[in-house]
Amino acid sequence: MNLGQFAWSNIKGSAFRSWVVFLCAMIVAGFSLSTVLIIRGAQDSLRLALDRLGADIIVVPEGAETKVESALLMGKPVKVWMPQENLGKIARVPGVAVASPQLYLSSLSNASCCAVSDMFMVAFDPKTDFTVEPWLKHKLGHELRLGEAVGGSYVFTPEGEENIKLYGYFITLKGNLAPTGTGLDQTMFMTFETAQDIARISKTRAEKPLEIPPNSMSAALVKVQPGADTRSVALDIMQQVPGVTPIESPDMFQTFRQQITGLLRGMLVILSITLLLSLVLIGLIFSMAANERRREIGVLRALGATRGFVFQSILAEAALLAVDGGAVGIGLACLATYLFRDLLMRSLGIPFLFPSLPSLVTLVGGGLVVALGGVTLAAFIPAYRVSRQDPALAMRE
Amino acid sequence: MKIAAALVIVLALVIGLVPQFTDCQSQGRALTLQNGSTVPMKCHWTAVAEIALAVPLFALGAVMAFSRRKESKRIIAGLGALLGLFVILLPTALIGVCASSMMLCNSVMKPTLILSGILVIAISAGTLITSERQVEQFA
């Protein structure tokens with residue numbers, strides 16, 4: 001009988017003790033992985049959202065910063081306006097390479113005119129846009145025409161229909177952007193021309209018309225000239241264009257970053273408590289098991305088993321249970337986080353994107369190491385103590 | 001075996017009960033036809049069909065707790081895996097749920113059923129493996 005078989009027969013011999021250690025390893029590994037998956041998913045999602053926007057500075061009406069960030073990140077429709085003449089002023093600020101206007105609109109809620117309720121819609125100017133247009137040219141080979149739109153990964157044409165009905169207007173969905181795990185996945189992108197056409201048609205066909213104030217825009221996306229300092233360009237915009245707030249790309253989504261940091265702290269505290277309690281419990285279980293098996297181990301030693309063999313057999317038992325429990329915990333954590341990702345996003349109020357396969361493999365490895373390290377560490381002292389005992393003394397007890 | 005049986009019974013309860021409280025009908029949502037009458041959305045029919053799977057699964061769990069024979073364990077495992085597969089197929093392929101990720105049937109009911117179905121299949125596979133290793137003792 002080799003070490004592994006000996007450890008396995010010990011596991012089968014004390015089912016209750018083994019189940020408790022298995023469950024502890026499962027909880028520790030599963031919970032650690034879930035925490036990392038959620039936090040990493042939220043951070044990846046924020047990064048992708050910033051990449052998707054592609055702007056160095058976003059200029060929004062003064063006081064609307066949080067609303068716009070919520071709209072872009074969580075897909076909560078927003079109605080903010082500023083005069084279109086601001087665009088010219090922004091474009092003239094030294095260091096600005098391109099300034100492109102955007103209109104933020106929303107579909108009606110639960111109206112029969114609309115196939116989708118409360119959807120965030122972004123209208124852009126194809127002449128100056130640098131966020132959606134490059135993707136369109138690459139994927140579709142042409143710009144969006146009147147009545148056409150592209151959507152985030154969650155935007156779809158209703159089953160059995162050819163178009164999406166918004167404000168009584170039929171829009172053709174030409175494609176879907178890659179998922180970001182943010183509100184951009186639930187956002188529809190169209191040209192100014194289409195948005196104005198919807199507003200015109202909605203007056204006669206929708207329960208409530210789509211209102212776009214004349215000569216207005218919701219935000220301006222700014223790309224700075226190569227070599228220009230983004231911070232000083234943002235300061236210049238603030239000084240030269242009244243009533244607007246420029247948000248630099250690295251400062252975007254600060255509210256959400258703080259929320260993620262708060263969530264991370266909370267989860268780390270819970271994780272530390274769980275880990276500590278599990279380690280203490282596993283240590284106690286192995287101490288009890290070692291005490292129960294003193295005579296058995298004494299006999300083993302008398303039969304010629306070395307201290308090393310006894311020590312290794314207890315650690316092998318712990319490692320087997322840790323790997324099995326850890327693997328089940330990790331599998332459940334991955335599955336549950338993936339399946340309930342939409343619910344997580346909504347209930348925690350953070351964006352979330354499930355990690356890619358290579359990244360997931362690394363995280364799974366990390367989770368297994370945590371389970372294996374934790375359980376083996378907890379079993380180390382009892383294993384060491386029992387392997388050091390005098391066989392003659394142990395057999396007499 | 002008793003732990004596996006208890007888990008199957010709990011999962012059968014989850015499969016039967018959770019959809020009844022998370023489909024669009026339970027949230028007061030229904031499709032309005034042009035003549036003004038309302039009809040339930042398809043997630044409601046998935047929820048109803050899941051009851052038809054939850055009942056035999058519950059019975060299977062109960063039988064599993066008292067099974068000793070290798071052959072009966074094998075049959076129970078096969079049936080369990082089949083039921084688990086249908087638990088997954090109903091919301092994903094056979095009937096489906098509403099398409100919007102904002103709806104409870106899509107964000108809660110569907111993942112719960114998929115997860116429960118996978119667990120039922122895993123438990124059944126475990127039962128099959130242990131039954132294959134079992135050495136029958138005849139009196």
# chains A, B, ... in the order shown; residues from 1 in each chain; ligands from 1
>>> interface_residues(of="chain A", to="chain B", cutoff="7 Å", atoms="only C-alpha atoms", output="compact mmCIF listing (two decimals) with C-alpha atoms, in the first residue's frame")
# COMPACT_ATOMS: atom_id res chain seq x y z
CA LEU A 339 -24.87 31.93 -14.77
CA PHE A 340 -25.91 34.65 -12.33
CA ASP A 342 -26.70 39.62 -14.78
CA LEU A 343 -28.19 39.34 -11.31
>>> residues_around(residues="Leu136 (chain A)", least_positions_apart="6", cutoff="10 Å", atoms="only C-alpha atoms", output="list in words")
His142, Glu143, Leu144, Val150, Lys174, Gly175 and Leu177 of chain A
>>> write_last_selection(atoms="C-alpha atoms", output="PDB file, in the first residue's frame")
ATOM      1  CA  HIS A 142     -19.916  51.185 -44.581  1.00  0.00           C
ATOM      2  CA  GLU A 143     -21.405  53.863 -42.345  1.00  0.00           C
ATOM      3  CA  LEU A 144     -24.837  53.507 -40.764  1.00  0.00           C
ATOM      4  CA  VAL A 150     -25.843  48.870 -34.037  1.00  0.00           C
ATOM      5  CA  LYS A 174     -26.982  45.934 -38.375  1.00  0.00           C
ATOM      6  CA  GLY A 175     -24.717  44.295 -35.829  1.00  0.00           C
ATOM      7  CA  LEU A 177     -20.595  45.136 -30.515  1.00  0.00           C
TER       8      LEU A 177
END
>>> residues_around(residues="region 3-18 of chain B", least_positions_apart="2", cutoff="8 Å", atoms="only C-alpha atoms", output="ChimeraX atom specification")
/B:1,20-22,47,50-51,53-55,57-65,87,109,112-113,116,120,123,127
>>> write_last_selection(atoms="N, CA and C atoms", output="PDB file, in the first residue's frame")
ATOM      1  N   MET B   1     -24.941   7.518  -0.230  1.00  0.00           N
ATOM      2  CA  MET B   1     -26.149   7.417  -1.078  1.00  0.00           C
ATOM      3  C   MET B   1     -27.289   8.271  -0.519  1.00  0.00           C
ATOM      4  N   GLN B  20     -41.819  29.137 -10.149  1.00  0.00           N
ATOM      5  CA  GLN B  20     -43.182  29.635  -9.887  1.00  0.00           C
ATOM      6  C   GLN B  20     -43.158  31.068  -9.343  1.00  0.00           C
ATOM      7  N   PHE B  21     -42.022  31.471  -8.743  1.00  0.00           N
ATOM      8  CA  PHE B  21     -41.922  32.814  -8.165  1.00  0.00           C
ATOM      9  C   PHE B  21     -41.030  33.750  -8.976  1.00  0.00           C
ATOM     10  N   THR B  22     -40.452  33.226 -10.048  1.00  0.00           N
ATOM     11  CA  THR B  22     -39.532  34.086 -10.819  1.00  0.00           C
ATOM     12  C   THR B  22     -39.930  34.211 -12.291  1.00  0.00           C
ATOM     13  N   ALA B  47     -41.970  27.378 -16.607  1.00  0.00           N
ATOM     14  CA  ALA B  47     -42.170  27.182 -15.158  1.00  0.00           C
ATOM     15  C   ALA B  47     -43.158  26.046 -14.901  1.00  0.00           C
ATOM     16  N   GLU B  50     -41.568  22.697 -15.748  1.00  0.00           N
ATOM     17  CA  GLU B  50     -40.561  22.276 -14.758  1.00  0.00           C
ATOM     18  C   GLU B  50     -41.207  21.514 -13.604  1.00  0.00           C
ATOM     19  N   ILE B  51     -42.479  21.792 -13.317  1.00  0.00           N
ATOM     20  CA  ILE B  51     -43.178  21.042 -12.246  1.00  0.00           C
ATOM     21  C   ILE B  51     -43.265  19.574 -12.661  1.00  0.00           C
ATOM     22  N   LEU B  53     -41.238  17.982 -14.279  1.00  0.00           N
ATOM     23  CA  LEU B  53     -39.942  17.313 -14.097  1.00  0.00           C
ATOM     24  C   LEU B  53     -39.591  17.196 -12.619  1.00  0.00           C
ATOM     25  N   ALA B  54     -40.019  18.208 -11.846  1.00  0.00           N
ATOM     26  CA  ALA B  54     -39.665  18.238 -10.417  1.00  0.00           C
ATOM     27  C   ALA B  54     -40.338  17.090  -9.662  1.00  0.00           C
ATOM     28  N   VAL B  55     -41.585  16.755 -10.033  1.00  0.00           N
ATOM     29  CA  VAL B  55     -42.321  15.698  -9.309  1.00  0.00           C
ATOM     30  C   VAL B  55     -41.632  14.334  -9.450  1.00  0.00           C
ATOM     31  N   LEU B  57     -38.583  13.805 -10.242  1.00  0.00           N
ATOM     32  CA  LEU B  57     -37.240  13.938  -9.663  1.00  0.00           C
ATOM     33  C   LEU B  57     -37.303  13.783  -8.138  1.00  0.00           C
ATOM     34  N   PHE B  58     -38.342  14.354  -7.542  1.00  0.00           N
ATOM     35  CA  PHE B  58     -38.543  14.239  -6.092  1.00  0.00           C
ATOM     36  C   PHE B  58     -38.731  12.754  -5.726  1.00  0.00           C
ATOM     37  N   ALA B  59     -39.585  12.076  -6.513  1.00  0.00           N
ATOM     38  CA  ALA B  59     -39.847  10.650  -6.263  1.00  0.00           C
ATOM     39  C   ALA B  59     -38.561   9.837  -6.439  1.00  0.00           C
ATOM     40  N   LEU B  60     -37.786  10.219  -7.453  1.00  0.00           N
ATOM     41  CA  LEU B  60     -36.521   9.539  -7.724  1.00  0.00           C
ATOM     42  C   LEU B  60     -35.553   9.675  -6.543  1.00  0.00           C
ATOM     43  N   GLY B  61     -35.528  10.877  -5.957  1.00  0.00           N
ATOM     44  CA  GLY B  61     -34.690  11.127  -4.780  1.00  0.00           C
ATOM     45  C   GLY B  61     -35.103  10.235  -3.626  1.00  0.00           C
ATOM     46  N   ALA B  62     -36.417  10.110  -3.437  1.00  0.00           N
ATOM     47  CA  ALA B  62     -36.933   9.276  -2.344  1.00  0.00           C
ATOM     48  C   ALA B  62     -36.556   7.800  -2.567  1.00  0.00           C
ATOM     49  N   VAL B  63     -36.707   7.347  -3.809  1.00  0.00           N
ATOM     50  CA  VAL B  63     -36.373   5.944  -4.133  1.00  0.00           C
ATOM     51  C   VAL B  63     -34.864   5.718  -3.962  1.00  0.00           C
ATOM     52  N   MET B  64     -34.086   6.730  -4.350  1.00  0.00           N
ATOM     53  CA  MET B  64     -32.627   6.643  -4.267  1.00  0.00           C
ATOM     54  C   MET B  64     -32.158   6.381  -2.825  1.00  0.00           C
ATOM     55  N   ALA B  65     -32.878   6.993  -1.873  1.00  0.00           N
ATOM     56  CA  ALA B  65     -32.497   6.860  -0.454  1.00  0.00           C
ATOM     57  C   ALA B  65     -32.597   5.413   0.026  1.00  0.00           C
ATOM     58  N   VAL B  87     -34.291  19.403 -17.504  1.00  0.00           N
ATOM     59  CA  VAL B  87     -34.393  20.608 -16.663  1.00  0.00           C
ATOM     60  C   VAL B  87     -33.605  21.744 -17.329  1.00  0.00           C
ATOM     61  N   MET B 109     -34.425  32.785 -12.948  1.00  0.00           N
ATOM     62  CA  MET B 109     -35.035  31.469 -13.194  1.00  0.00           C
ATOM     63  C   MET B 109     -34.151  30.577 -14.084  1.00  0.00           C
ATOM     64  N   THR B 112     -30.856  29.444 -12.402  1.00  0.00           N
ATOM     65  CA  THR B 112     -31.142  28.497 -11.307  1.00  0.00           C
ATOM     66  C   THR B 112     -31.433  27.120 -11.882  1.00  0.00           C
ATOM     67  N   LEU B 113     -32.225  27.083 -12.949  1.00  0.00           N
ATOM     68  CA  LEU B 113     -32.580  25.794 -13.549  1.00  0.00           C
ATOM     69  C   LEU B 113     -31.366  25.123 -14.192  1.00  0.00           C
ATOM     70  N   SER B 116     -29.185  23.854 -11.339  1.00  0.00           N
ATOM     71  CA  SER B 116     -29.816  22.685 -10.696  1.00  0.00           C
ATOM     72  C   SER B 116     -29.708  21.458 -11.601  1.00  0.00           C
ATOM     73  N   VAL B 120     -27.938  17.941 -10.775  1.00  0.00           N
ATOM     74  CA  VAL B 120     -28.664  16.663 -10.824  1.00  0.00           C
ATOM     75  C   VAL B 120     -27.882  15.663 -11.694  1.00  0.00           C
ATOM     76  N   ILE B 123     -24.749  14.538  -9.766  1.00  0.00           N
ATOM     77  CA  ILE B 123     -25.079  13.579  -8.693  1.00  0.00           C
ATOM     78  C   ILE B 123     -25.404  12.214  -9.306  1.00  0.00           C
ATOM     79  N   THR B 127     -23.573   8.721  -8.647  1.00  0.00           N
ATOM     80  CA  THR B 127     -24.310   7.524  -8.224  1.00  0.00           C
ATOM     81  C   THR B 127     -23.963   6.345  -9.133  1.00  0.00           C
TER      82      THR B 127
END
>>> residues_around(residues="Val310 (chain A)", least_positions_apart="5", cutoff="12 Å", atoms="only C-alpha atoms", output="ChimeraX atom specification")
/A:3,6-7,10,290,293-294,296-305,315-317,380,382-389,391
>>> write_last_selection(atoms="C-alpha atoms", output="PDB file, in the first residue's frame")
ATOM      1  CA  LEU A   3       1.090   6.692   0.699  1.00  0.00           C
ATOM      2  CA  PHE A   6      -3.104   4.690   2.811  1.00  0.00           C
ATOM      3  CA  ALA A   7      -4.375   8.294   2.978  1.00  0.00           C
ATOM      4  CA  ASN A  10      -8.064   6.811   6.192  1.00  0.00           C
ATOM      5  CA  ALA A 290      -4.560  12.485  15.524  1.00  0.00           C
ATOM      6  CA  ARG A 293      -5.479   7.474  16.141  1.00  0.00           C
ATOM      7  CA  ARG A 294      -2.574   7.617  18.614  1.00  0.00           C
ATOM      8  CA  GLU A 296      -3.110   3.045  15.582  1.00  0.00           C
ATOM      9  CA  ILE A 297      -0.173   5.294  14.705  1.00  0.00           C
ATOM     10  CA  GLY A 298       1.809   3.769  17.587  1.00  0.00           C
ATOM     11  CA  VAL A 299       1.253   0.307  16.090  1.00  0.00           C
ATOM     12  CA  LEU A 300       2.259   1.600  12.682  1.00  0.00           C
ATOM     13  CA  ARG A 301       5.476   3.034  14.091  1.00  0.00           C
ATOM     14  CA  ALA A 302       6.156  -0.241  15.962  1.00  0.00           C
ATOM     15  CA  LEU A 303       5.714  -2.106  12.671  1.00  0.00           C
ATOM     16  CA  GLY A 304       8.438  -0.024  11.134  1.00  0.00           C
ATOM     17  CA  ALA A 305       6.714   3.043   9.703  1.00  0.00           C
ATOM     18  CA  LEU A 315      -0.593  15.671   5.105  1.00  0.00           C
ATOM     19  CA  ALA A 316      -1.506  13.522   2.068  1.00  0.00           C
ATOM     20  CA  GLU A 317      -4.953  12.947   3.589  1.00  0.00           C
ATOM     21  CA  PHE A 380       0.637  20.591   9.664  1.00  0.00           C
ATOM     22  CA  PRO A 382      -1.306  17.981  14.390  1.00  0.00           C
ATOM     23  CA  ALA A 383       0.599  15.864  11.826  1.00  0.00           C
ATOM     24  CA  TYR A 384       3.947  16.997  13.217  1.00  0.00           C
ATOM     25  CA  ARG A 385       2.905  16.341  16.851  1.00  0.00           C
ATOM     26  CA  VAL A 386       1.491  12.879  16.209  1.00  0.00           C
ATOM     27  CA  SER A 387       4.496  11.820  14.130  1.00  0.00           C
ATOM     28  CA  ARG A 388       6.850  12.837  17.006  1.00  0.00           C
ATOM     29  CA  GLN A 389       5.101  10.792  19.716  1.00  0.00           C
ATOM     30  CA  PRO A 391       5.232   4.575  19.848  1.00  0.00           C
TER      31      PRO A 391
END
>>> closest_residue(among="B:Gly36, B:Pro91, B:Gly28, B:Gly80", to="Ala49 (chain B)", atoms="only C-alpha atoms")
B:Pro91
>>> residues_around(residues="Ala30 (chain B)", least_positions_apart="4", cutoff="7 Å", atoms="only C-alpha atoms", output="PyMOL selection string")
chain B and resi 24-25+38-41
>>> select_by_dssp(residues="chain B", states="strand (DSSP E)", output="ChimeraX atom specification")
/B:31-32,38-39
>>> write_last_selection(atoms="C-alpha atoms", output="PDB file, in the first residue's frame")
ATOM      1  CA  LEU B  31     -48.238  39.792 -23.414  1.00  0.00           C
ATOM      2  CA  THR B  32     -51.062  42.052 -24.546  1.00  0.00           C
ATOM      3  CA  THR B  38     -53.426  39.036 -22.245  1.00  0.00           C
ATOM      4  CA  VAL B  39     -51.508  35.774 -22.615  1.00  0.00           C
TER       5      VAL B  39
END
>>> select_by_dssp(residues="chain B", states="alpha helix (DSSP H)", output="MDAnalysis selection string")
chainID B and resid 2:22 42:66 70:89 104 110:133
